[in-house]
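**Student:** This one is work_6.pdb, PDB, C-alpha atoms.
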ATOM      1  CA  MET H  21      51.654 207.029 186.630
ATOM      2  CA  GLY H  22      54.434 207.832 189.044
ATOM      3  CA  GLY H  23      57.921 208.239 187.717
ATOM      4  CA  ARG H  24      60.632 206.243 186.079
ATOM      5  CA  ILE H  25      64.301 206.595 186.831
ATOM      6  CA  ALA H  26      65.479 210.203 186.257
ATOM      7  CA  HIS H  27      62.134 211.320 184.820
ATOM      8  CA  ASP H  28      58.778 212.369 186.212
ATOM      9  CA  TYR H  29      55.576 211.929 184.246
ATOM     10  CA  HIS H  30      52.111 213.462 184.492
ATOM     11  CA  TYR H  31      49.944 212.387 187.416
ATOM     12  CA  ASN H  32      47.389 209.742 186.546
ATOM     13  CA  ALA H  33      43.667 210.521 186.312
ATOM     14  CA  ILE H  34      42.914 209.537 189.914
ATOM     15  CA  HIS H  35      45.419 212.050 191.256
ATOM     16  CA  LYS H  36      44.518 214.805 188.774
ATOM     17  CA  GLY H  37      40.899 214.329 189.817
ATOM     18  CA  GLY H  38      41.840 214.465 193.488
ATOM     19  CA  PHE H  39      43.671 217.755 192.868
ATOM     20  CA  ARG H  40      40.548 219.011 191.054
ATOM     21  CA  TRP H  41      42.437 219.337 187.771
ATOM     22  CA  TYR H  42      39.450 217.431 186.417
ATOM     23  CA  GLU H  43      35.750 217.765 187.203
ATOM     24  CA  PRO H  44      34.127 220.203 187.806
ATOM     25  CA  THR H  45      36.640 222.723 186.441
ATOM     26  CA  THR H  46      37.083 220.817 183.180
ATOM     27  CA  PRO H  47      33.778 219.062 182.530
ATOM     28  CA  ASN H  48      33.412 215.955 180.395
ATOM     29  CA  ARG H  49      36.968 214.722 180.980
ATOM     30  CA  THR H  50      35.777 211.471 182.561
ATOM     31  CA  ILE H  51      33.355 208.966 181.062
ATOM     32  CA  ASP H  52      31.572 206.967 183.763
ATOM     33  CA  VAL H  53      31.072 203.571 182.145
ATOM     34  CA  ALA H  54      27.749 202.015 183.168
ATOM     35  CA  THR H  55      27.171 199.608 180.275
ATOM     36  CA  SER H  56      29.247 197.425 178.003
ATOM     37  CA  GLY H  57      30.364 199.233 174.867
ATOM     38  CA  THR H  58      33.121 200.820 172.840
ATOM     39  CA  TYR H  59      34.560 204.077 174.171
ATOM     40  CA  THR H  60      37.158 206.543 172.881
ATOM     41  CA  VAL H  61      39.493 208.620 175.055
ATOM     42  CA  GLN H  62      41.751 211.440 173.894
ATOM     43  CA  ARG H  63      45.480 211.451 174.628
ATOM     44  CA  PHE H  64      45.892 212.204 178.298
ATOM     45  CA  ALA H  65      48.214 215.196 178.755
ATOM     46  CA  TYR H  66      47.226 217.224 175.692
ATOM     47  CA  PRO H  67      45.118 220.346 176.327
ATOM     48  CA  GLU H  68      42.481 219.570 173.669
ATOM     49  CA  ALA H  69      38.838 219.107 174.631
ATOM     50  CA  GLY H  70      37.266 215.685 174.967
ATOM     51  CA  PRO H  71      37.182 212.785 177.394
ATOM     52  CA  LYS H  72      40.552 211.754 178.804
ATOM     53  CA  THR H  73      39.572 208.930 181.158
ATOM     54  CA  LEU H  74      37.176 206.010 181.475
ATOM     55  CA  ARG H  75      35.997 205.262 185.019
ATOM     56  CA  ILE H  76      34.732 201.679 185.208
ATOM     57  CA  PRO H  77      33.075 200.337 188.372
ATOM     58  CA  ARG H  78      34.874 197.367 189.895
ATOM     59  CA  SER H  79      33.368 196.527 193.277
ATOM     60  CA  GLY H  80      32.238 198.488 196.285
ATOM     61  CA  SER H  81      33.791 201.923 195.990
ATOM     62  CA  GLN H  82      36.666 200.879 193.690
ATOM     63  CA  TYR H  83      37.027 201.762 190.012
ATOM     64  CA  PHE H  84      39.302 201.026 187.084
ATOM     65  CA  TYR H  85      40.581 204.180 185.395
ATOM     66  CA  VAL H  86      41.675 203.866 181.762
ATOM     67  CA  GLU H  87      43.800 206.562 180.117
ATOM     68  CA  TYR H  88      45.915 206.934 176.979
ATOM     69  CA  ARG H  89      49.423 208.415 177.128
ATOM     70  CA  GLN H  90      51.306 209.975 174.218
ATOM     71  CA  PRO H  91      54.667 211.793 174.152
ATOM     72  CA  TYR H  92      53.915 215.384 175.227
ATOM     73  CA  GLY H  93      55.179 217.757 177.923
ATOM     74  CA  PHE H  94      56.036 215.832 181.085
ATOM     75  CA  ASP H  95      54.908 212.644 179.339
ATOM     76  CA  ALA H  96      57.930 212.798 177.033
ATOM     77  CA  PHE H  97      58.075 209.055 176.432
ATOM     78  CA  PRO H  98      60.102 207.909 173.424
ATOM     79  CA  PRO H  99      57.658 207.296 170.519
ATOM     80  CA  ASN H 100      58.287 203.529 170.604
ATOM     81  CA  ASP H 101      57.948 203.211 174.399
ATOM     82  CA  PRO H 102      55.510 200.428 175.393
ATOM     83  CA  MET H 103      53.601 202.855 177.639
ATOM     84  CA  VAL H 104      52.362 204.790 174.564
ATOM     85  CA  GLN H 105      51.461 201.675 172.578
ATOM     86  CA  GLY H 106      48.255 200.982 174.508
ATOM     87  CA  VAL H 107      46.115 202.231 177.397
ATOM     88  CA  THR H 108      47.089 202.280 181.056
ATOM     89  CA  ILE H 109      44.749 200.992 183.761
ATOM     90  CA  HIS H 110      44.805 202.127 187.380
ATOM     91  CA  LEU H 111      42.736 200.864 190.286
ATOM     92  CA  GLY H 112      41.460 203.443 192.751
ATOM     93  CA  PHE H 113      38.531 205.226 194.360
ATOM     94  CA  LEU H 114      36.432 208.209 193.287
ATOM     95  CA  TYR H 115      38.383 211.415 192.796
ATOM     96  CA  GLY H 116      39.517 212.750 196.164
ATOM     97  CA  GLN H 117      38.137 209.809 198.115
ATOM     98  CA  GLY H 118      39.554 206.626 199.531
ATOM     99  CA  THR H 119      39.833 204.720 202.763
ATOM    100  CA  ALA H 120      41.831 205.271 205.915
ATOM    101  CA  SER H 121      44.258 202.632 204.638
ATOM    102  CA  TYR H 122      44.668 203.836 201.063
ATOM    103  CA  GLY H 123      43.486 207.446 200.859
ATOM    104  CA  ALA H 124      43.576 208.700 197.262
ATOM    105  CA  GLN H 125      46.233 206.149 196.399
ATOM    106  CA  SER H 126      46.136 204.419 193.035
ATOM    107  CA  PHE H 127      47.503 201.116 191.830
ATOM    108  CA  LEU H 128      48.902 200.641 188.325
ATOM    109  CA  ILE H 129      47.619 197.431 186.739
ATOM    110  CA  ASP H 130      50.379 195.618 184.866
ATOM    111  CA  ALA H 131      48.453 194.490 181.788
ATOM    112  CA  THR H 132      51.512 192.601 180.492
ATOM    113  CA  ALA H 133      52.413 190.875 183.751
ATOM    114  CA  ASN H 134      55.599 188.820 183.903
ATOM    115  CA  SER H 135      56.948 190.151 180.619
ATOM    116  CA  HIS H 136      60.309 190.777 182.349
ATOM    117  CA  ALA H 137      62.272 188.909 185.001
ATOM    118  CA  ASN H 138      62.144 191.644 187.667
ATOM    119  CA  TRP H 139      59.191 193.710 188.842
ATOM    120  CA  TRP H 140      60.677 197.126 187.984
ATOM    121  CA  ASP H 141      61.323 196.281 184.343
ATOM    122  CA  ASP H 142      57.999 194.489 184.213
ATOM    123  CA  LEU H 143      56.117 197.705 185.096
ATOM    124  CA  GLN H 144      57.823 199.631 182.289
ATOM    125  CA  ASP H 145      55.473 198.006 179.759
ATOM    126  CA  ALA H 146      52.327 197.927 181.897
ATOM    127  CA  ALA H 147      50.063 199.422 179.210
ATOM    128  CA  LEU H 148      47.430 197.206 177.580
ATOM    129  CA  PRO H 149      48.512 196.918 173.924
ATOM    130  CA  VAL H 150      46.143 196.873 170.940
ATOM    131  CA  GLY H 151      44.283 193.563 170.697
ATOM    132  CA  SER H 152      45.040 192.549 174.291
ATOM    133  CA  VAL H 153      42.435 192.049 177.007
ATOM    134  CA  PHE H 154      42.579 192.678 180.747
ATOM    135  CA  THR H 155      39.969 190.669 182.662
ATOM    136  CA  ASP H 156      38.853 190.895 186.276
ATOM    137  CA  ALA H 157      36.740 187.728 186.295
ATOM    138  CA  THR H 158      35.818 188.086 189.980
ATOM    139  CA  ASN H 159      34.059 191.391 189.321
ATOM    140  CA  GLY H 160      32.930 190.791 185.725
ATOM    141  CA  VAL H 161      35.022 193.502 184.047
ATOM    142  CA  SER H 162      36.864 193.065 180.756
ATOM    143  CA  ILE H 163      38.863 195.817 179.001
ATOM    144  CA  ARG H 164      40.301 195.484 175.478
ATOM    145  CA  THR H 165      42.335 198.035 173.537
ATOM    146  CA  VAL H 166      40.714 198.093 170.091
ATOM    147  CA  SER H 167      42.881 200.717 168.381
ATOM    148  CA  ILE H 168      45.194 203.664 168.977
ATOM    149  CA  SER H 169      46.174 206.694 166.915
ATOM    150  CA  SER H 170      48.324 209.707 167.655
ATOM    151  CA  ALA H 171      45.243 211.469 169.080
ATOM    152  CA  SER H 172      43.051 208.835 170.766
ATOM    153  CA  ALA H 173      42.497 205.248 171.846
ATOM    154  CA  THR H 174      39.384 203.134 171.388
ATOM    155  CA  VAL H 175      38.574 200.641 174.133
ATOM    156  CA  GLN H 176      35.952 197.881 174.376
ATOM    157  CA  VAL H 177      34.532 197.444 177.891
ATOM    158  CA  ASP H 178      32.447 194.416 178.823
ATOM    159  CA  LEU H 179      30.581 194.388 182.128
ATOM    160  CA  THR H 180      29.198 190.994 183.061
ATOM    161  CA  CYS H 181      26.770 190.364 185.868
ATOM    162  CA  ILE H 182      28.353 188.029 188.408
ATOM    163  CA  ARG H 183      25.903 185.787 190.254
ATOM    164  CA  ARG H 184      26.595 185.719 193.960
ATOM    165  CA  THR H 185      24.702 184.267 196.874
ATOM    166  CA  PRO H 186      22.857 187.156 198.495
ATOM    167  CA  SER H 187      23.349 187.818 202.159
ATOM    168  CA  PHE H 188      21.215 189.801 204.548
ATOM    169  CA  VAL H 189      20.752 190.395 208.247
ATOM    170  CA  MET H 190      17.357 190.747 209.896
ATOM    171  CA  VAL H 191      17.233 192.964 212.946
ATOM    172  CA  PRO H 192      14.077 192.813 215.109
ATOM    173  CA  PRO H 193      12.927 195.965 216.914
ATOM    174  CA  SER H 194      13.654 194.332 220.300
ATOM    175  CA  PRO H 195      15.022 190.971 221.517
ATOM    176  CA  TRP H 196      11.559 189.371 221.866
ATOM    177  CA  GLN H 197       7.923 190.013 220.926
ATOM    178  CA  GLN H 198       4.555 188.754 222.162
ATOM    179  CA  PRO H 199       3.063 185.865 220.175
ATOM    180  CA  GLY H 200       0.643 187.071 217.490
ATOM    181  CA  GLN H 201       2.032 190.632 217.553
ATOM    182  CA  ALA H 202       2.918 192.223 214.174
ATOM    183  CA  VAL H 203       6.651 192.936 213.940
ATOM    184  CA  GLN H 204       8.609 194.960 211.393
ATOM    185  CA  TYR H 205      12.184 194.034 210.601
ATOM    186  CA  THR H 206      14.810 196.318 209.122
TER     187      THR H 206
END
As structure tokens, what does this structure read like?
**Tutor:**
Amino acid sequence: MGGRIAHDYHYNAIHKGGFRWYEPTTPNRTIDVATSGTYTVQRFAYPEAGPKTLRIPRSGSQYFYVEYRQPYGFDAFPPNDPMVQGVTIHLGFLYGQGTASYGAQSFLIDATANSHANWWDDLQDAALPVGSVFTDATNGVSIRTVSISSASATVQVDLTCIRRTPSFVMVPPSPWQQPGQAVQYT
């Protein structure tokens, strides 16, 4: 999540996972989404049991992480703050993993892009409100906030197969072979 001016908020799920505040010490906190469906996550910072995060495959080793914030502890948002009126979506890698360029870094997805004139104010309402849809058409991922309550959020996830032209490379065992000789390629 990061912080806003003069206030720090709880780490997001990617960073809590990297610090091992999640799996394996607190099992069942993350739902790995493998099929389209409706999923429910509990409010993020509260100590109650139950799933706190959806991890949705994007492409390669990247994932979307969906979490639901409510005013509590470090997440002391005002009750009418836009960040607690929907779910937040971050882009990142598996917990504790990353690349040389990005490490365990995460990227907040602004689900209400261009709602304000400047980028800083625009990020203050980045959560995906009820009824709204975030779509990554390139990777076939769609996320919709169905409902929220004081305790949980329900999210519809649609995963669509994207048809792409396959590519492959054939590597012979050596640069040339005798005619009529059987050759295996890898």
**Student:** Which residues are close to Ser152 (chain H), i.e. within 7 Å by only C-alpha atoms, leaving aside same-chain residues fewer than 4 positions away? Reply as an NGL selection string.
**Tutor:** :H and (148 or 164-165)
**Student:** Find the residue from H:Ile109, H:Val153, H:Met190, H:Val104 that sits nearest to Ile76 (chain H); use all atoms listed in the file when measuring.
**Tutor:**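 Using all atoms listed in the file, the shortest distance to Ile76 (chain H) belongs to H:Ile109.
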**Student:** Counting only C-alpha atoms, which of H:Asp178, H:Asn159, H:Val189, H:Asp145 gets nearest to Asn100 (chain H)?
**Tutor:**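 Among the listed residues, H:Asp145 lies closest to Asn100 (chain H).
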**Student:** Restricting the calculation to only C-alpha atoms, which member of H:Val177, H:Val166, H:Ala96, H:Thr158 is positioned closest to Ser56 (chain H)?
**Tutor:**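 Ranked by minimum distance to Ser56 (chain H), first place goes to H:Val177.
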**Student:** May I ask for the distance between CA of Thr132 (chain H) and CA of Gly106 (chain H), given in Å to one decimal place?
**Tutor:** 10.8 Å
**Student:** Rounded to one decimal, what separation in Å do you get between CA of Pro102 (chain H) and CA of Pro149 (chain H)?
**Tutor:**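 If I compute the distance from CA of Pro102 (chain H) to CA of Pro149 (chain H), I get 8.0 Å.
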**Student:** Select, from H:Thr155, H:Gln144, H:Ser187, H:Ser126, the residue with the minimum atom-to-atom distance to Tyr85 (chain H), counting only C-alpha atoms.
**Tutor:** H:Ser126
**Student:** Return as a PDB file with C-alpha atoms, in the coordinates of the input the set of residues that the PyMOL selection byres ((chain H and resi 129) around 8) yields on the displayed structure.
**Tutor:**
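Result file is out.pdb:
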ATOM      1  CA  THR H 108      47.089 202.280 181.056  1.00  0.00           C
ATOM      2  CA  ILE H 109      44.749 200.992 183.761  1.00  0.00           C
ATOM      3  CA  HIS H 110      44.805 202.127 187.380  1.00  0.00           C
ATOM      4  CA  LEU H 111      42.736 200.864 190.286  1.00  0.00           C
ATOM      5  CA  PHE H 127      47.503 201.116 191.830  1.00  0.00           C
ATOM      6  CA  LEU H 128      48.902 200.641 188.325  1.00  0.00           C
ATOM      7  CA  ASP H 130      50.379 195.618 184.866  1.00  0.00           C
ATOM      8  CA  ALA H 131      48.453 194.490 181.788  1.00  0.00           C
ATOM      9  CA  ALA H 146      52.327 197.927 181.897  1.00  0.00           C
TER      10      ALA H 146
END
**Student:** Give me, as a ChimeraX atom specification, all polymer residues having an atom no more than 10 Å from Gln90 (chain H), counting all atoms listed in the file and skipping those fewer than 2 positions away in the same chain.
**Tutor:** /H:62-66,88,92-93,95-99,101,103-107,169-172
**Student:** When you count all atoms listed in the file, which of these residues is closest to Thr180 (chain H): H:Arg78, H:His136, H:Lys36, H:Lys72?
**Tutor:**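 Closest candidate: H:Arg78.
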**Student:** Work out how far apart CA of Val175 (chain H) and CA of Glu68 (chain H) are and give it in Å to one decimal.
**Tutor:**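 We find that CA of Val175 (chain H) and CA of Glu68 (chain H) lie 19.3 Å from each other.
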**Student:** Do a neighbour search on Val53 (chain H) at 10 Å with only C-alpha atoms, toss out local chain neighbours closer than 5 positions, and write the hits as a ChimeraX atom specification.
**Tutor:** /H:58-59,74-77,84,177-179
**Student:** Could you dump the residues just selected with C-alpha atoms as a PDB file, keeping the file's coordinate frame?
**Tutor:**
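Output saved as out-v4.pdb:
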ATOM      1  CA  THR H  58      33.121 200.820 172.840  1.00  0.00           C
ATOM      2  CA  TYR H  59      34.560 204.077 174.171  1.00  0.00           C
ATOM      3  CA  LEU H  74      37.176 206.010 181.475  1.00  0.00           C
ATOM      4  CA  ARG H  75      35.997 205.262 185.019  1.00  0.00           C
ATOM      5  CA  ILE H  76      34.732 201.679 185.208  1.00  0.00           C
ATOM      6  CA  PRO H  77      33.075 200.337 188.372  1.00  0.00           C
ATOM      7  CA  PHE H  84      39.302 201.026 187.084  1.00  0.00           C
ATOM      8  CA  VAL H 177      34.532 197.444 177.891  1.00  0.00           C
ATOM      9  CA  ASP H 178      32.447 194.416 178.823  1.00  0.00           C
ATOM     10  CA  LEU H 179      30.581 194.388 182.128  1.00  0.00           C
TER      11      LEU H 179
END
**Student:** The centre and edge lengths of an axis-aligned box containing all atoms of region 161-170 of chain H present in the file, extended by 3 Å on each side, are to be given in Å to one decimal, as lines of an AutoDock Vina configuration file.
**Tutor:**
center_x = 41.7
center_y = 201.4
center_z = 175.5
size_x = 19.3
size_y = 22.6
size_z = 23.1
**Student:** Would you mind telling me which residue in H:Pro186, H:Leu114, H:Gly200, H:Glu87 lies nearest to Ile168 (chain H) when using all atoms listed in the file?
**Tutor:**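 Result for the nearest residue to Ile168 (chain H): H:Glu87.
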